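Colleague: Please see the structure below; I have some questions.
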Amino acid sequence: MQIIEVKNSAHKKDFLSVPHMIYRNDPNWISHLDQDIEAVFDEKKNKFFEFGIATRWVLYDENKNLTGRIAAFINRQIAYTFEHPTGGVGFFECIDHQEAANLLFETAKRWLEERGMEAMDGPINFGERDRFWGLLVKGFETPPPYLLNYNPPYYQILFENYGFENYFNQFVYGLNKNVKLHPIIRRSYDRLTNDQGYSFAALKLNQLDKFADDFMNIYNEAWQDVQKHFKPMTKEQALSTFKSMKSIIDPDLIIFGYHHQRPIAIFVGIPELNQLFRYVDGKMDLAGKIKFMIHKWRGKCNMAYGLVFGIVPEYRNKGVESGLIVAIQDTLVHKKKYNDAYLAWIGDYNPKMVRIVEILTTNKVFVLTTYRKMFKKEYKFSRHYIID
């Protein structure tokens, strides 16, 4: 076997081709968009290169056939916050062959060790956690939503045989619009909106500046105690986020909660784009865009995908969760084109949020695992800390 670092366009093409070889007989697999993958490794497009480095490799067998791939990266803002400096690996794909997998893992480990790392997490993304994060361990019979990792069941064996340990689990919940809410949830919503000064409103595209400001304020308050390595969002970043989503956005799926006009909660959902991207085979060239628009026009997208769910700390456990839940379900019922929704992954290290979501649904459609590999036996492994 021969492993080659990606250095030119031919290597990039092979890197993108590996999953098409792995999943050629899997009807549930949907290719990630080539442009989404390449953006991760483009220093002009990925802001994480400002404080990090990344590289990737392709593995070939003795006959030059594609066998696997892997990427490694170091986010310096996060790596040195752990007792043992920790890098990451991701975009792993491999045939069912432990020796091949070990060669990929060892190559990434060596690269990370040479740069001062003592552990690695994987499979993760060189970027935000909302995409390409975790190894699928449950849900193989269901096509994955947009940007969620998907893999064969044997990958779990490849990772664990190499010595990766379960750092945390990730749950993706399924929600049907006709699920019957417990009466206490509806009563809580009525009490909030009728007597206590709370309100819930969908995004208005003609007021993007105002809602971007609300989003920034909610994000900076709600996530600072959830993310250990939190970096506040700026107004420009919030506005850019909404503008970048403008072509796919459904404003009715983005719901804000207020208390006496103060923004205190948010749910961000989008149409489940993999229902359309499954027809483009990873390529959004002219032909891909035409296919995308045809299937969108034909109404092939009938699911929503909840990406973000957050509440300002002082308003948690006061019924605001119920308010958002009712608003979300009312949207699904009134927007007749959506039959179901996914709620993007929630870590098992956040039991409060798990309990909140499971008021609405306990249907864990997908379970993924983020693993950690300590580079030396004397290094102590610990699971992800629990958010209190």
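Letters A, B, ... go to the chains of the structure tokens in the order shown; residues in each chain start at 1; ligands are counted from 1 in the same order.
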Stretch 125-352 of chain A: which residues are strand (DSSP E or B) by DSSP, as number ranges by chain?
Modeller: A: 135-138, 165-176, 198-202, 254-259, 262-271, 303-311, 340-347
Colleague: Go through stretch 150-219 of chain A and flag each residue having an atom no more than 10 Å from stretch 79-93 of chain A; for those, report the closest pair of atoms plus their distance in Å to one decimal, using only C-alpha atoms, ordered by chain and rising number, as a tab-separated table.
Modeller:
```
residue	atom	partner	partner_atom	distance
A:Asn151	CA	A:Glu93	CA	7.9
A:Pro152	CA	A:Glu93	CA	9.3
A:Tyr155	CA	A:Glu93	CA	8.4
```
Colleague: Could you write those residues out with C-alpha atoms, as a CSV table (one decimal), in the first residue's frame?
Modeller:
```
chain,number,residue,atom,x,y,z
A,151,ASN,CA,-20.2,5.6,7.2
A,152,PRO,CA,-20.4,1.8,7.1
A,155,TYR,CA,-15.7,1.8,10.7
```
Colleague: In Å, rounded to a single decimal, give me how far atom CA of A:Phe277 is from atom CA of A:Asn25.
Modeller: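 Atom CA of A:Phe277 lies at a distance of 17.8 Å from atom CA of A:Asn25.
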Colleague: Leaving out A:Asn217 and any residue of its chain fewer than 5 positions from it, which residues lie within 9 Å of it when counting only C-alpha atoms, given as a list in words?
Modeller: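 Final neighbour list, sorted by chain and number: Ala212, Ala222, Met233, Lys235, Pro263 and Ile264 of chain A.
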Colleague: Selection from above, N, CA and C atoms, as a compact mmCIF listing (two decimals), in the first residue's frame, can you write it?
Modeller:
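Wrote again_30.txt, looks like this:
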```
# COMPACT_ATOMS: atom_id res chain seq x y z
N ALA A 212 -30.32 39.76 12.80
CA ALA A 212 -28.92 39.39 12.97
C ALA A 212 -28.41 39.89 14.32
N ALA A 222 -26.08 32.56 25.21
CA ALA A 222 -26.53 31.18 25.38
C ALA A 222 -25.41 30.16 25.26
N MET A 233 -19.57 35.95 18.95
CA MET A 233 -19.92 36.27 17.58
C MET A 233 -20.04 37.78 17.42
N LYS A 235 -21.50 41.19 15.12
CA LYS A 235 -22.69 41.51 14.33
C LYS A 235 -22.43 41.18 12.86
N PRO A 263 -34.36 39.64 23.18
CA PRO A 263 -34.15 38.33 22.54
C PRO A 263 -33.51 37.34 23.51
N ILE A 264 -34.17 36.19 23.71
CA ILE A 264 -33.68 35.27 24.74
C ILE A 264 -33.60 33.80 24.28
```
Colleague: With distances taken over only C-alpha atoms, which of A:Ala10, A:Arg383, A:Ile328, A:Thr370 is nearest to A:Lys177?
Modeller: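 Of the candidates, the smallest distance to A:Lys177 is held by A:Ile328.
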Colleague: At most 9 Å is the cut-off: for each residue in stretch 16-116 of chain A with any atom that close to an atom of stretch 126-130 of chain A, write down the nearest atom pair and the distance in Å rounded to one decimal, counting only C-alpha atoms, chain first then increasing number, as a tab-separated table.
Modeller:
```
residue	atom	partner	partner_atom	distance
A:Val40	CA	A:Phe126	CA	6.6
A:Phe41	CA	A:Phe126	CA	8.3
A:Asn46	CA	A:Gly127	CA	7.5
A:Lys47	CA	A:Gly127	CA	8.1
A:Phe48	CA	A:Gly127	CA	6.2
A:Phe49	CA	A:Phe126	CA	8.8
A:Gly52	CA	A:Phe126	CA	8.6
A:Ile53	CA	A:Phe126	CA	8.8
A:Ala54	CA	A:Phe126	CA	7.5
A:Ala72	CA	A:Phe126	CA	8.3
A:Phe73	CA	A:Phe126	CA	6.4
A:Ile74	CA	A:Phe126	CA	7.8
A:Asn75	CA	A:Phe126	CA	7.4
A:Gly88	CA	A:Phe126	CA	7.7
A:Val89	CA	A:Phe126	CA	8.4
A:Gly90	CA	A:Phe126	CA	7.9
```
Colleague: Please produce a file of the residues just selected, as a CSV table (one decimal), in the first residue's frame, where the atoms kept are N, CA and C atoms.
Modeller:
```
chain,number,residue,atom,x,y,z
A,40,VAL,N,-13.2,23.2,3.2
A,40,VAL,CA,-12.5,23.0,4.5
A,40,VAL,C,-11.0,23.1,4.3
A,41,PHE,N,-10.4,22.8,3.2
A,41,PHE,CA,-9.0,22.8,3.0
A,41,PHE,C,-8.5,24.0,2.2
A,46,ASN,N,-11.6,29.0,4.6
A,46,ASN,CA,-11.8,28.5,5.9
A,46,ASN,C,-11.0,29.3,6.9
A,47,LYS,N,-11.8,30.0,7.8
A,47,LYS,CA,-11.2,31.0,8.7
A,47,LYS,C,-10.3,30.3,9.8
A,48,PHE,N,-10.4,29.0,9.9
A,48,PHE,CA,-9.7,28.2,10.9
A,48,PHE,C,-8.2,28.1,10.6
A,49,PHE,N,-7.8,28.4,9.4
A,49,PHE,CA,-6.4,28.5,9.0
A,49,PHE,C,-5.7,29.7,9.6
A,52,GLY,N,-4.6,27.7,12.7
A,52,GLY,CA,-4.5,26.3,12.6
A,52,GLY,C,-3.9,25.8,11.3
A,53,ILE,N,-3.6,24.5,11.2
A,53,ILE,CA,-3.0,23.9,10.0
A,53,ILE,C,-3.8,22.6,9.7
A,54,ALA,N,-3.7,22.2,8.4
A,54,ALA,CA,-4.4,21.0,8.0
A,54,ALA,C,-3.7,20.4,6.8
A,72,ALA,N,-5.8,15.4,8.7
A,72,ALA,CA,-5.4,15.7,10.0
A,72,ALA,C,-5.3,17.2,10.2
A,73,PHE,N,-5.5,17.8,11.3
A,73,PHE,CA,-5.5,19.2,11.5
A,73,PHE,C,-5.3,19.6,13.0
A,74,ILE,N,-4.8,20.8,13.2
A,74,ILE,CA,-4.6,21.3,14.5
A,74,ILE,C,-5.2,22.7,14.6
A,75,ASN,N,-6.1,22.8,15.5
A,75,ASN,CA,-6.7,24.1,15.8
A,75,ASN,C,-6.0,24.6,17.1
A,88,GLY,N,-6.8,16.8,15.5
A,88,GLY,CA,-7.9,16.1,15.0
A,88,GLY,C,-7.7,15.3,13.8
A,89,VAL,N,-8.5,14.3,13.5
A,89,VAL,CA,-8.5,13.6,12.2
A,89,VAL,C,-10.0,13.6,11.7
A,90,GLY,N,-10.1,13.6,10.4
A,90,GLY,CA,-11.5,13.5,9.9
A,90,GLY,C,-11.4,13.1,8.4
```
Colleague: Quick one: of A:Phe51, A:Val6, A:Val18, A:Phe309, who's nearest to A:Asn65, counting only C-alpha atoms?
Modeller: A:Val18
Colleague: Near A:Leu16, counting only C-alpha atoms, which residues have an atom at most 10 Å away, once you skip same-chain residues fewer than 3 positions from it, shown as an NGL selection string?
Modeller: :A and (11-13 or 19-21 or 31-34 or 37-38 or 58 or 69 or 91 or 282)
Colleague: Would you export the selected residues with C-alpha atoms as a PDB file, in the first residue's frame, please?
Modeller:
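Result file is again_19.pdb:
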```
ATOM      1  CA  HIS A  11      -4.639  13.973  -5.608  1.00  0.00           C
ATOM      2  CA  LYS A  12      -7.637  16.191  -4.766  1.00  0.00           C
ATOM      3  CA  LYS A  13      -9.730  14.370  -7.342  1.00  0.00           C
ATOM      4  CA  PRO A  19     -16.222   7.649  -0.880  1.00  0.00           C
ATOM      5  CA  HIS A  20     -17.789   6.964  -4.283  1.00  0.00           C
ATOM      6  CA  MET A  21     -15.790   3.720  -4.285  1.00  0.00           C
ATOM      7  CA  SER A  31     -22.391  12.321  -1.326  1.00  0.00           C
ATOM      8  CA  HIS A  32     -21.244  15.469   0.429  1.00  0.00           C
ATOM      9  CA  LEU A  33     -20.845  18.303  -2.045  1.00  0.00           C
ATOM     10  CA  ASP A  34     -17.325  18.491  -3.445  1.00  0.00           C
ATOM     11  CA  ILE A  37     -15.290  19.375   1.308  1.00  0.00           C
ATOM     12  CA  GLU A  38     -12.814  21.493  -0.645  1.00  0.00           C
ATOM     13  CA  VAL A  58      -4.978   9.291  -0.061  1.00  0.00           C
ATOM     14  CA  ARG A  69      -8.257   8.641   2.796  1.00  0.00           C
ATOM     15  CA  PHE A  91     -12.827  12.738   6.410  1.00  0.00           C
ATOM     16  CA  GLY A 282     -21.667  15.746  -4.998  1.00  0.00           C
TER      17      GLY A 282
END
```
